[in-house]
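Chemist: Sharing final_31.txt (compact mmCIF, C-alpha atoms and all ligand atoms) below.
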# COMPACT_ATOMS: atom_id res chain seq x y z
CA MET W 1 17.98 59.48 8.05
CA LYS W 2 14.71 61.41 7.85
CA SER W 3 12.15 60.77 10.54
CA THR W 4 9.53 58.10 10.14
CA GLU W 5 6.18 59.10 8.65
CA ILE W 6 2.92 57.93 10.22
CA THR W 7 -0.15 57.38 8.09
CA GLN W 8 -3.59 55.81 7.90
CA ASP W 9 -3.44 55.70 4.11
CA VAL W 10 -3.20 52.05 3.05
CA LEU W 11 -2.67 52.93 -0.61
CA LEU W 12 0.29 55.17 0.25
CA ALA W 13 1.75 52.39 2.41
CA ALA W 14 1.33 49.83 -0.40
CA GLU W 15 3.06 52.16 -2.86
CA ALA W 16 5.90 52.62 -0.37
CA LEU W 17 6.34 48.83 -0.12
CA ARG W 18 6.29 48.49 -3.90
CA SER W 19 9.01 51.10 -4.22
CA GLY W 20 11.26 49.26 -1.79
CA GLN W 21 10.59 51.19 1.43
CA LEU W 22 10.30 49.80 4.96
CA VAL W 23 6.72 49.98 6.26
CA ALA W 24 5.51 48.88 9.70
CA PHE W 25 1.90 47.73 9.78
CA PRO W 26 -0.51 46.19 12.30
CA THR W 27 -1.60 42.56 12.08
CA GLU W 28 -3.86 40.55 14.37
CA THR W 29 -0.79 39.28 16.28
CA VAL W 30 1.77 42.11 16.56
CA PHE W 31 3.03 44.90 14.29
CA GLY W 32 5.17 43.67 11.39
CA LEU W 33 7.97 45.51 9.61
CA GLY W 34 7.39 44.95 5.92
CA ALA W 35 9.81 44.95 2.99
CA ASP W 36 9.62 43.55 -0.55
CA ALA W 37 10.94 39.97 -0.31
CA THR W 38 12.26 40.20 -3.89
CA ASN W 39 14.25 43.44 -3.41
CA PRO W 40 17.81 42.86 -2.07
CA GLN W 41 18.39 46.46 -0.91
CA SER W 42 15.10 46.53 1.01
CA ILE W 43 15.84 43.24 2.73
CA GLN W 44 19.32 44.38 3.72
CA ARG W 45 17.85 47.60 5.16
CA LEU W 46 15.28 45.56 7.05
CA PHE W 47 17.91 43.44 8.81
CA ASP W 48 19.93 46.61 9.55
CA ALA W 49 16.95 48.57 10.90
CA LYS W 50 16.06 45.83 13.39
CA GLY W 51 19.65 44.87 14.18
CA ARG W 52 18.54 41.34 13.31
CA PRO W 53 21.08 38.52 12.98
CA SER W 54 21.21 37.38 9.35
CA ASN W 55 20.76 33.71 10.34
CA ASN W 56 17.22 34.29 11.62
CA PRO W 57 14.79 33.83 8.69
CA LEU W 58 11.87 36.18 7.98
CA ILE W 59 8.23 35.25 7.46
CA VAL W 60 6.76 36.18 4.06
CA HIS W 61 3.32 37.74 4.33
CA LEU W 62 0.58 37.54 1.70
CA GLY W 63 -2.82 39.21 1.41
CA CYS W 64 -4.90 36.17 0.49
CA LEU W 65 -4.75 32.50 -0.49
CA GLU W 66 -4.75 33.46 -4.19
CA GLN W 67 -1.26 34.99 -3.73
CA LEU W 68 0.27 31.76 -2.36
CA SER W 69 2.04 30.92 -5.63
CA GLN W 70 4.13 34.10 -5.18
CA ALA W 71 5.97 32.50 -2.27
CA SER W 72 5.95 28.74 -2.91
CA GLN W 73 5.38 26.57 -5.97
CA ASP W 74 5.37 23.37 -4.01
CA LEU W 75 3.02 23.40 -1.05
CA PRO W 76 2.93 20.13 0.93
CA SER W 77 -0.61 18.86 1.53
CA SER W 78 -0.15 19.42 5.27
CA ALA W 79 0.48 23.13 4.65
CA LEU W 80 -2.56 23.36 2.42
CA LYS W 81 -4.72 21.75 5.11
CA LEU W 82 -3.45 24.18 7.74
CA LEU W 83 -4.00 27.19 5.51
CA ASP W 84 -7.47 25.91 4.60
CA SER W 85 -8.38 25.61 8.25
CA PHE W 86 -6.63 28.58 9.86
CA ALA W 87 -5.76 31.20 7.22
CA PRO W 88 -6.20 34.06 7.22
CA GLY W 89 -5.09 33.86 10.83
CA PRO W 90 -2.23 33.64 13.32
CA ILE W 91 -0.41 30.69 11.71
CA THR W 92 2.82 30.47 9.67
CA VAL W 93 3.61 27.42 7.53
CA VAL W 94 7.23 26.58 6.68
CA VAL W 95 7.30 25.16 3.13
CA PRO W 96 9.72 24.85 0.16
CA LYS W 97 10.73 28.33 -1.02
CA HIS W 98 9.89 29.91 -4.39
CA PRO W 99 13.15 30.86 -6.18
CA ARG W 100 11.85 34.41 -6.45
CA ILE W 101 12.08 34.88 -2.66
CA LEU W 102 15.59 36.10 -1.87
CA ALA W 103 17.92 33.68 -0.11
CA ALA W 104 18.59 36.37 2.52
CA VAL W 105 14.90 36.39 3.47
CA SER W 106 15.03 32.77 4.58
CA ALA W 107 18.59 32.92 5.96
CA GLU W 108 19.84 30.78 3.03
CA LEU W 109 17.43 27.91 3.82
CA ASN W 110 15.51 26.29 0.99
CA THR W 111 12.30 26.77 2.95
CA VAL W 112 10.17 29.83 3.63
CA GLY W 113 7.67 30.73 6.34
CA ILE W 114 4.37 31.98 4.87
CA ARG W 115 1.60 33.79 6.71
CA ILE W 116 -1.70 35.41 5.70
CA PRO W 117 -2.74 37.83 8.47
CA ASP W 118 -6.36 38.22 9.56
CA HIS W 119 -6.49 41.98 9.94
CA PRO W 120 -8.35 44.47 7.73
CA GLN W 121 -5.56 46.97 7.04
CA ALA W 122 -2.86 44.29 6.77
CA SER W 123 -4.92 42.31 4.25
CA GLU W 124 -5.65 45.36 2.15
CA LEU W 125 -2.03 46.51 2.28
CA LEU W 126 -0.70 43.12 1.21
CA ARG W 127 -3.27 42.72 -1.54
CA LEU W 128 -2.46 46.17 -2.91
CA ALA W 129 1.30 45.61 -2.68
CA ASN W 130 0.66 42.39 -4.63
CA ARG W 131 4.06 40.89 -3.98
CA PRO W 132 5.55 38.77 -1.21
CA ILE W 133 6.32 40.97 1.79
CA ALA W 134 8.90 39.85 4.35
CA ALA W 135 7.78 41.04 7.78
CA PRO W 136 9.45 40.25 11.08
CA SER W 137 7.95 41.76 14.22
CA ALA W 138 8.45 45.55 14.14
CA ASN W 139 10.79 45.93 17.12
CA LEU W 140 14.52 46.19 17.67
CA SER W 141 15.93 42.69 17.74
CA GLY W 142 15.74 41.17 21.24
CA ARG W 143 13.18 43.69 22.54
CA PRO W 144 9.51 42.96 23.25
CA SER W 145 7.33 42.97 20.14
CA CYS W 146 5.06 45.95 19.49
CA THR W 147 1.28 46.06 19.74
CA THR W 148 0.88 49.84 19.31
CA TRP W 149 2.23 52.17 16.63
CA GLN W 150 3.73 54.32 19.39
CA ALA W 151 5.85 51.37 20.53
CA VAL W 152 7.05 50.85 16.96
CA LEU W 153 8.05 54.50 16.82
CA GLU W 154 9.92 54.16 20.13
CA ASP W 155 12.16 51.43 18.67
CA LEU W 156 12.41 52.33 15.00
CA ASP W 157 11.94 56.10 14.53
CA GLY W 158 14.35 57.29 11.85
CA ARG W 159 15.24 53.70 10.91
CA ILE W 160 12.14 52.95 8.81
CA ASP W 161 10.14 54.96 6.29
CA LEU W 162 6.51 54.61 7.32
CA ILE W 163 4.17 53.32 10.01
CA LEU W 164 0.64 52.40 8.98
CA LYS W 165 -1.83 53.00 11.80
CA GLY W 166 -4.85 50.73 12.08
CA ASP W 167 -6.81 48.37 14.29
CA ILE W 168 -4.84 47.29 17.36
CA PRO W 169 -3.65 43.63 17.28
CA ARG W 170 -6.34 41.46 18.93
CA VAL W 171 -4.10 38.46 19.70
CA GLY W 172 -1.00 40.24 21.02
CA ILE W 173 1.56 37.44 20.61
CA GLU W 174 3.11 36.10 17.41
CA SER W 175 1.78 33.43 15.07
CA THR W 176 2.17 29.68 15.55
CA VAL W 177 5.03 28.50 13.27
CA VAL W 178 4.59 25.00 11.82
CA ASP W 179 7.29 23.23 9.80
CA CYS W 180 5.48 21.32 7.04
CA THR W 181 8.58 20.01 5.23
CA GLY W 182 9.33 16.90 7.31
CA ARG W 183 7.75 13.47 7.74
CA PHE W 184 5.20 14.99 10.11
CA PRO W 185 4.33 18.60 10.99
CA VAL W 186 6.34 20.18 13.80
CA ILE W 187 5.41 23.28 15.79
CA LEU W 188 8.54 25.44 15.99
CA ARG W 189 6.90 28.32 17.86
CA SER W 190 3.63 28.17 19.79
CA GLY W 191 0.98 30.82 19.18
CA ALA W 192 -2.74 31.51 19.25
CA VAL W 193 -3.51 28.49 17.03
CA THR W 194 -2.95 25.71 19.56
CA LEU W 195 -1.40 22.24 19.27
CA GLN W 196 -4.85 20.72 19.87
CA GLN W 197 -6.40 22.77 17.05
CA ILE W 198 -3.61 21.77 14.67
CA GLN W 199 -3.84 18.11 15.67
CA SER W 200 -7.56 18.17 14.91
CA VAL W 201 -6.57 18.71 11.26
CA LEU W 202 -3.15 16.96 11.24
CA PRO W 203 -3.12 14.38 14.05
CA THR W 204 0.62 13.55 13.78
CA THR W 205 1.72 17.12 14.62
CA GLN W 206 4.11 17.52 17.55
CA ASN W 207 5.81 20.33 19.44
CA TRP W 208 9.53 20.29 18.70
CA GLN W 209 10.25 20.13 22.43
CA ASP W 210 8.39 16.82 22.69
CA ILE W 211 10.42 15.07 19.97
CA PRO W 212 13.39 13.12 21.34
CA ASN W 213 16.58 13.91 19.41
CA TYR W 214 14.75 16.56 17.44
CA THR W 215 17.94 18.00 16.00
CA ALA W 216 18.98 14.62 14.62
CA ILE W 217 15.62 13.91 13.00
CA MET W 218 14.99 17.35 11.54
CA PRO W 219 18.39 18.71 10.65
CA SER W 220 17.02 21.15 8.08
CA THR W 221 15.32 23.38 10.61
CA MET W 222 18.17 23.57 13.07
CA PRO W 223 20.71 25.90 11.51
CA SER W 224 18.23 28.67 11.12
CA PRO W 225 15.65 29.93 13.45
CA GLY W 226 16.20 32.42 16.17
CA LEU W 227 16.81 29.67 18.68
CA LEU W 228 19.95 31.11 20.13
CA HIS W 229 18.93 34.75 20.11
CA PRO W 230 17.49 36.56 23.11
CA HIS W 231 13.86 37.55 22.64
CA TYR W 232 11.17 39.76 24.09
CA GLN W 233 13.39 41.16 26.82
CA PRO W 234 12.58 44.38 28.67
CA LEU W 235 15.35 46.38 30.39
CA ALA W 236 13.83 45.52 33.78
CA LYS W 237 14.74 42.20 35.38
CA VAL W 238 11.86 39.74 35.05
CA ILE W 239 11.06 37.54 38.05
CA PRO W 240 8.75 34.69 36.99
CA LEU W 241 6.19 33.56 39.57
CA ASP W 242 4.28 30.29 39.56
CA ALA W 243 0.70 30.14 38.39
CA THR W 244 -0.69 31.23 41.77
CA GLY W 245 1.06 34.57 41.37
CA ASP W 246 2.25 34.42 44.96
CA PHE W 247 5.55 35.95 45.79
CA GLU W 248 7.83 36.60 48.66
CA LEU W 249 8.25 39.97 50.23
CA ALA W 250 11.71 39.25 51.52
CA GLY W 251 14.22 41.63 50.04
CA LEU W 252 11.56 43.82 48.47
CA THR W 253 12.77 47.15 49.71
CA ASN W 254 11.85 49.54 46.94
CA PRO W 255 8.30 48.74 45.74
CA VAL W 256 8.13 51.88 43.65
CA GLU W 257 10.78 50.36 41.37
CA CYS W 258 8.73 47.19 40.82
CA ALA W 259 5.96 46.08 38.47
CA TYR W 260 3.52 43.23 38.96
CA LEU W 261 1.83 41.51 36.01
CA GLY W 262 -0.63 38.74 36.56
CA LEU W 263 -4.06 37.28 36.18
CA GLN W 264 -5.33 37.28 39.70
CA SER W 265 -5.00 39.11 42.98
CA THR W 266 -1.54 39.09 44.40
CA ARG W 267 -1.13 37.29 47.67
CA MET W 268 1.82 38.01 49.86
CA LEU W 269 3.36 34.97 51.48
CA ASP W 270 6.19 36.28 53.44
CA HIS W 271 4.70 38.32 56.27
CA GLN W 272 6.99 36.88 58.89
CA HIS W 273 10.07 37.90 56.90
CA SER W 274 9.12 41.50 56.77
CA PRO W 275 7.90 42.48 60.19
CA GLY W 276 6.63 45.98 60.33
CA HIS W 277 5.57 45.99 56.66
CA ASP W 278 1.95 45.96 55.78
CA SER W 279 1.89 43.93 52.55
CA LYS W 280 -1.18 45.61 51.09
CA ASP W 281 0.43 48.93 51.71
CA LEU W 282 3.63 47.77 50.07
CA ILE W 283 2.01 46.55 46.88
CA SER W 284 -0.03 49.70 46.53
CA LYS W 285 3.32 51.46 46.17
CA PHE W 286 4.35 49.38 43.14
CA GLY W 287 5.38 51.49 40.16
CA LEU W 288 3.07 49.45 37.90
CA MET W 289 0.42 46.89 38.80
CA ILE W 290 -1.60 45.16 36.09
CA GLU W 291 -4.03 42.33 36.78
CA PHE W 292 -5.55 41.09 33.54
CA ASP W 293 -9.15 39.82 33.49
CA SER W 294 -8.43 36.80 31.30
CA LEU W 295 -5.67 34.91 29.55
CA GLU W 296 -6.67 36.56 26.28
CA GLU W 297 -6.28 40.01 27.89
CA TYR W 298 -2.92 38.99 29.37
CA ALA W 299 -1.63 37.92 25.94
CA ARG W 300 -3.02 41.05 24.28
CA GLY W 301 -1.50 43.40 26.85
CA PHE W 302 1.70 41.51 27.60
CA TYR W 303 4.28 43.26 25.39
CA GLU W 304 2.88 46.72 26.07
CA ALA W 305 3.07 46.02 29.83
CA LEU W 306 6.78 45.11 29.52
CA ARG W 307 7.40 48.27 27.56
CA GLU W 308 5.44 50.39 30.05
CA ALA W 309 7.62 49.07 32.88
CA ASP W 310 10.67 50.21 30.91
CA ARG W 311 9.13 53.62 30.14
CA ARG W 312 8.66 54.12 33.88
CA GLY W 313 12.27 53.12 34.50
CA LEU W 314 11.29 50.21 36.75
CA LYS W 315 13.94 47.74 37.85
CA ARG W 316 12.01 44.51 38.42
CA ILE W 317 8.90 42.90 36.95
CA TYR W 318 7.18 40.23 39.06
CA MET W 319 5.39 38.14 36.44
CA GLN W 320 2.79 35.49 37.04
CA LEU W 321 3.37 32.66 34.54
CA SER W 322 0.35 31.48 32.61
CA PRO W 323 -0.79 27.84 32.69
CA ASN W 324 1.09 25.67 30.21
CA ASP W 325 -1.71 24.79 27.80
CA SER W 326 -3.52 26.25 24.77
CA LEU W 327 -3.03 30.05 24.55
CA GLY W 328 -1.38 29.87 27.98
CA ALA W 329 1.44 27.75 26.54
CA ALA W 330 2.19 30.38 23.91
CA LEU W 331 2.15 33.21 26.45
CA ARG W 332 4.27 31.22 28.90
CA ASP W 333 6.89 30.68 26.20
CA ARG W 334 7.17 34.48 25.77
CA GLN W 335 7.18 35.01 29.53
CA LEU W 336 10.07 32.61 30.10
CA ARG W 337 12.02 34.12 27.25
CA ALA W 338 11.37 37.63 28.57
CA ALA W 339 12.89 36.35 31.79
CA GLY W 340 15.98 35.25 29.85
CA GLY W 341 15.13 31.55 29.91
CA GLN W 342 16.72 29.22 27.39
CA GLY W 343 15.43 26.09 25.77
CA ARG W 344 12.93 27.43 23.28
CA LEU W 345 13.51 27.03 19.61
CA VAL W 346 12.14 30.21 18.05
O1 LIG W 401 2.80 36.87 14.12
C1 LIG W 401 3.87 36.86 13.52
O2 LIG W 401 4.39 35.82 13.07
C2 LIG W 401 4.61 38.20 13.37
C3 LIG W 401 3.73 39.13 12.52
C4 LIG W 401 4.42 40.41 12.17
O3 LIG W 401 3.29 38.46 11.38
N1 LIG W 401 5.89 38.03 12.79
C5 LIG W 401 6.94 37.51 13.48
O4 LIG W 401 8.14 37.49 12.79
O5 LIG W 401 6.84 37.11 14.62
P1 LIG W 401 9.55 37.26 13.51
O6 LIG W 401 10.56 37.50 12.45
O7 LIG W 401 9.64 38.09 14.71
O8 LIG W 401 9.55 35.73 13.85
C6 LIG W 401 9.60 34.78 12.81
C7 LIG W 401 9.93 33.42 13.37
C8 LIG W 401 11.38 33.36 13.76
O9 LIG W 401 11.50 32.74 15.01
C9 LIG W 401 12.01 32.51 12.66
O10 LIG W 401 13.09 31.75 13.15
C10 LIG W 401 10.84 31.63 12.21
O11 LIG W 401 9.69 32.44 12.36
N2 LIG W 401 11.00 31.27 10.79
C11 LIG W 401 10.83 32.07 9.71
N3 LIG W 401 11.11 31.42 8.57
C12 LIG W 401 11.46 30.16 8.91
C13 LIG W 401 11.91 29.00 8.18
N4 LIG W 401 12.03 29.02 6.85
N5 LIG W 401 12.19 27.89 8.89
C14 LIG W 401 12.06 27.87 10.24
N6 LIG W 401 11.66 28.94 10.98
C15 LIG W 401 11.39 30.07 10.34
MG MG W 402 10.17 38.82 16.57
Before anything else, please render the file you have as structure tokens.

Modeler:
Amino acid sequence: MKSTEITQDVLLAAEALRSGQLVAFPTETVFGLGADATNPQSIQRLFDAKGRPSNNPLIVHLGCLEQLSQASQDLPSSALKLLDSFAPGPITVVVPKHPRILAAVSAELNTVGIRIPDHPQASELLRLANRPIAAPSANLSGRPSCTTWQAVLEDLDGRIDLILKGDIPRVGIESTVVDCTGRFPVILRSGAVTLQQIQSVLPTTQNWQDIPNYTAIMPSTMPSPGLLHPHYQPLAKVIPLDATGDFELAGLTNPVECAYLGLQSTRMLDHQHSPGHDSKDLISKFGLMIEFDSLEEYARGFYEALREADRRGLKRIYMQLSPNDSLGAALRDRQLRAAGGQGRLV
């Protein structure tokens, strides 16, 4: 296939989408890989380009609230309330699907995830395309998502037609996915819009992990989402650390092969196990050391940091886990999954 073109021309990118091409574009969360959700060839190419399992449904993206009827004719009142409060923004509502959206887009479910990004170029692109655009994160399936156009090129050069350059994603992790089709709203994937924020509008909302026998109560959502697929994984082995960011020096023989990601200064615990090593000296030899100033910065820089560790050929990433609430909960979910942890739904 020909190599991937890179452009800043939103009109060109919209025309490419309208003619069935695959176009990566920035959003406020991560880069998406767009394709016309009504064009079977485009959708097949999209799954092929990412190497995405066909049982993992895609989110349909729209430019504005006025385009909602292109993706669903039957919006539950809970979905309308969420969109009213948080769209455009980093939230996806799962609602009954418009027949026009291809079955392959939603992995044969009768529901569809809908999102309206809050990002200038994404909004303009989607408004100009003026049709529902399926857009998973623009990375090879299983790899960390992309927050720069260069990272998209790394994964998808030659596999997609175009990359639209634009403002860098300000959130850095994917949207909150809320199933609005059941008796009460259920958060299937945490994101920048927090449980507390959603409960302030819809008080009965719960995280799927907190619902006993979730699979029995909500059978419709189980067969689909990417719950069994690996996600966000770098080539390097990820070693999660507790919220203090402390870690043991024992066994750490080759610091130059290691990365450290965290929020605060690293403290070495294990002096007695490594006599003769000066810990400060050791950590200064790390192949990559990033201490983010805030949780927001950590989320924004997280995927790029994983990718940078891989670019440098590092073997291990020591990763301070974020606290398990608000934005921290969403980041922690990605961190545990990057470390190969199970038990998350999407
Ligand atoms: O922030 C985002 O949501 C980014 C940007 C590009 O918009 N997109 C994104 O797409 O993260 P993707 O494909 O990487 O993740 C979509 C998630 C998957 O975990 C999928 O299982 C879930 O949304 N999903 C999509 N449609 C669904 C549906 N009908 N029912 C349940 N889950 C659904
Ligand atoms: Mg993804």

Chemist: Which distance in Å separates CA of Ala138 (chain W) and CA of Glu174 (chain W), to one decimal?

Modeler: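 It comes out at 11.3 Å.
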
Chemist: Taking all atoms listed in the file into account, which residues are within 6 Å of ligand LIG 401 (chain W), as a PyMOL selection string?

Modeler: chain W and resi 29-32+56-59+94+106+111-113+135-137+174-175+221+225-226+346

Chemist: Keeping C-alpha atoms for every residue in the selection just given, could you write it to a file as a short mmCIF file (atom, residue, chain, number, x, y, z; two decimals), keeping the file's coordinate frame?

Modeler:
data_model
loop_
_atom_site.label_atom_id
_atom_site.label_comp_id
_atom_site.auth_asym_id
_atom_site.auth_seq_id
_atom_site.Cartn_x
_atom_site.Cartn_y
_atom_site.Cartn_z
CA THR W 29 -0.79 39.28 16.28
CA VAL W 30 1.77 42.11 16.56
CA PHE W 31 3.03 44.90 14.29
CA GLY W 32 5.17 43.67 11.39
CA ASN W 56 17.22 34.29 11.62
CA PRO W 57 14.79 33.83 8.69
CA LEU W 58 11.87 36.18 7.98
CA ILE W 59 8.23 35.25 7.46
CA VAL W 94 7.23 26.58 6.68
CA SER W 106 15.03 32.77 4.58
CA THR W 111 12.30 26.77 2.95
CA VAL W 112 10.17 29.83 3.63
CA GLY W 113 7.67 30.73 6.34
CA ALA W 135 7.78 41.04 7.78
CA PRO W 136 9.45 40.25 11.08
CA SER W 137 7.95 41.76 14.22
CA GLU W 174 3.11 36.10 17.41
CA SER W 175 1.78 33.43 15.07
CA THR W 221 15.32 23.38 10.61
CA PRO W 225 15.65 29.93 13.45
CA GLY W 226 16.20 32.42 16.17
CA VAL W 346 12.14 30.21 18.05
#

Chemist: Counting all atoms listed in the file, what are the residues of region 98-190 of chain W within 12 Å of region 4-8 of chain W, and for each of them which pair of atoms is the nearest and at what distance in Å, to one decimal? Sort the table by chain and rising number, as a tab-separated table.

Modeler:
residue	atom	partner	partner_atom	distance
W:Gln121	CA	W:Gln8	CA	9.1
W:Ala122	CA	W:Gln8	CA	11.6
W:Leu125	CA	W:Gln8	CA	11.0
W:Trp149	CA	W:Ile6	CA	8.6
W:Gln150	CA	W:Ile6	CA	9.9
W:Val152	CA	W:Thr4	CA	10.3
W:Leu153	CA	W:Thr4	CA	7.7
W:Glu154	CA	W:Thr4	CA	10.7
W:Asp155	CA	W:Thr4	CA	11.1
W:Leu156	CA	W:Thr4	CA	8.1
W:Asp157	CA	W:Thr4	CA	5.4
W:Gly158	CA	W:Thr4	CA	5.2
W:Arg159	CA	W:Thr4	CA	7.2
W:Ile160	CA	W:Thr4	CA	5.9
W:Asp161	CA	W:Thr4	CA	5.0
W:Leu162	CA	W:Glu5	CA	4.7
W:Ile163	CA	W:Ile6	CA	4.8
W:Leu164	CA	W:Thr7	CA	5.1
W:Lys165	CA	W:Gln8	CA	5.1
W:Gly166	CA	W:Gln8	CA	6.7
W:Asp167	CA	W:Gln8	CA	10.3

Chemist: For ligand MG 402 (chain W), which residue out of W:Gln73, W:Ser322, W:Gln199, W:Gln233 is the nearest one, using all atoms listed in the file?

Modeler: W:Gln233

Chemist: I'd like the neighbourhood of region 185-197 of chain W as a ChimeraX atom specification, where a residue qualifies if any of its atoms comes within 7 Å (using only C-alpha atoms), though same-chain residues fewer than 4 positions away should be ignored.

Modeler: /W:90-91,173-180,204-208,326-327,330,345-346

Chemist: With distances taken over only C-alpha atoms, which of W:Leu102, W:Ala243, W:Ile168, W:Leu288 is nearest to Arg311 (chain W)?

Modeler: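 Of the candidates, the smallest distance to Arg311 (chain W) is held by W:Leu288.
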
Chemist: Quick one: of W:Asp281, W:Glu308, W:Glu124, W:Asp293, who's nearest to Asp9 (chain W), counting all atoms listed in the file?

Modeler: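 Going through W:Asp281, W:Glu308, W:Glu124, W:Asp293 one by one, the smallest distance to Asp9 (chain W) is for W:Glu124.
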
Chemist: In Å, how far is it from CA of Arg100 (chain W) to CA of Ala71 (chain W)?

Modeler: 7.5 Å

Chemist: Check the smallest atom-to-atom distance from each of W:His61, W:Arg332, W:Lys315, W:Arg52 to ligand MG 402 (chain W) using only C-alpha atoms and all ligand atoms, then report the winner.

Modeler: W:Arg52

Chemist: Between CA of Pro26 (chain W) and CA of Leu263 (chain W), what is the spacing in Å?

Modeler: 25.7 Å

Chemist: Enumerate, as a list in words, the protein, DNA and RNA residues whose atoms approach (-2.2, 44.6, 26.4) to within 10 Å, taking into account all atoms listed in the file and the coordinate frame of the file.

Modeler: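 Every polymer residue passing the test: Thr147, Thr148, Ile168, Pro169, Arg170, Val171, Gly172, Ile173, Ile290, Phe292, Glu296, Glu297, Tyr298, Ala299, Arg300, Gly301, Phe302, Tyr303, Glu304, Ala305 and Leu306 of chain W.
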
Chemist: Mind writing the picked residues with C-alpha atoms as a PDB file, keeping the file's coordinate frame?

Modeler:
ATOM      1  CA  THR W 147       1.280  46.060  19.740  1.00  0.00           C
ATOM      2  CA  THR W 148       0.880  49.840  19.310  1.00  0.00           C
ATOM      3  CA  ILE W 168      -4.840  47.290  17.360  1.00  0.00           C
ATOM      4  CA  PRO W 169      -3.650  43.630  17.280  1.00  0.00           C
ATOM      5  CA  ARG W 170      -6.340  41.460  18.930  1.00  0.00           C
ATOM      6  CA  VAL W 171      -4.100  38.460  19.700  1.00  0.00           C
ATOM      7  CA  GLY W 172      -1.000  40.240  21.020  1.00  0.00           C
ATOM      8  CA  ILE W 173       1.560  37.440  20.610  1.00  0.00           C
ATOM      9  CA  ILE W 290      -1.600  45.160  36.090  1.00  0.00           C
ATOM     10  CA  PHE W 292      -5.550  41.090  33.540  1.00  0.00           C
ATOM     11  CA  GLU W 296      -6.670  36.560  26.280  1.00  0.00           C
ATOM     12  CA  GLU W 297      -6.280  40.010  27.890  1.00  0.00           C
ATOM     13  CA  TYR W 298      -2.920  38.990  29.370  1.00  0.00           C
ATOM     14  CA  ALA W 299      -1.630  37.920  25.940  1.00  0.00           C
ATOM     15  CA  ARG W 300      -3.020  41.050  24.280  1.00  0.00           C
ATOM     16  CA  GLY W 301      -1.500  43.400  26.850  1.00  0.00           C
ATOM     17  CA  PHE W 302       1.700  41.510  27.600  1.00  0.00           C
ATOM     18  CA  TYR W 303       4.280  43.260  25.390  1.00  0.00           C
ATOM     19  CA  GLU W 304       2.880  46.720  26.070  1.00  0.00           C
ATOM     20  CA  ALA W 305       3.070  46.020  29.830  1.00  0.00           C
ATOM     21  CA  LEU W 306       6.780  45.110  29.520  1.00  0.00           C
TER      22      LEU W 306
END
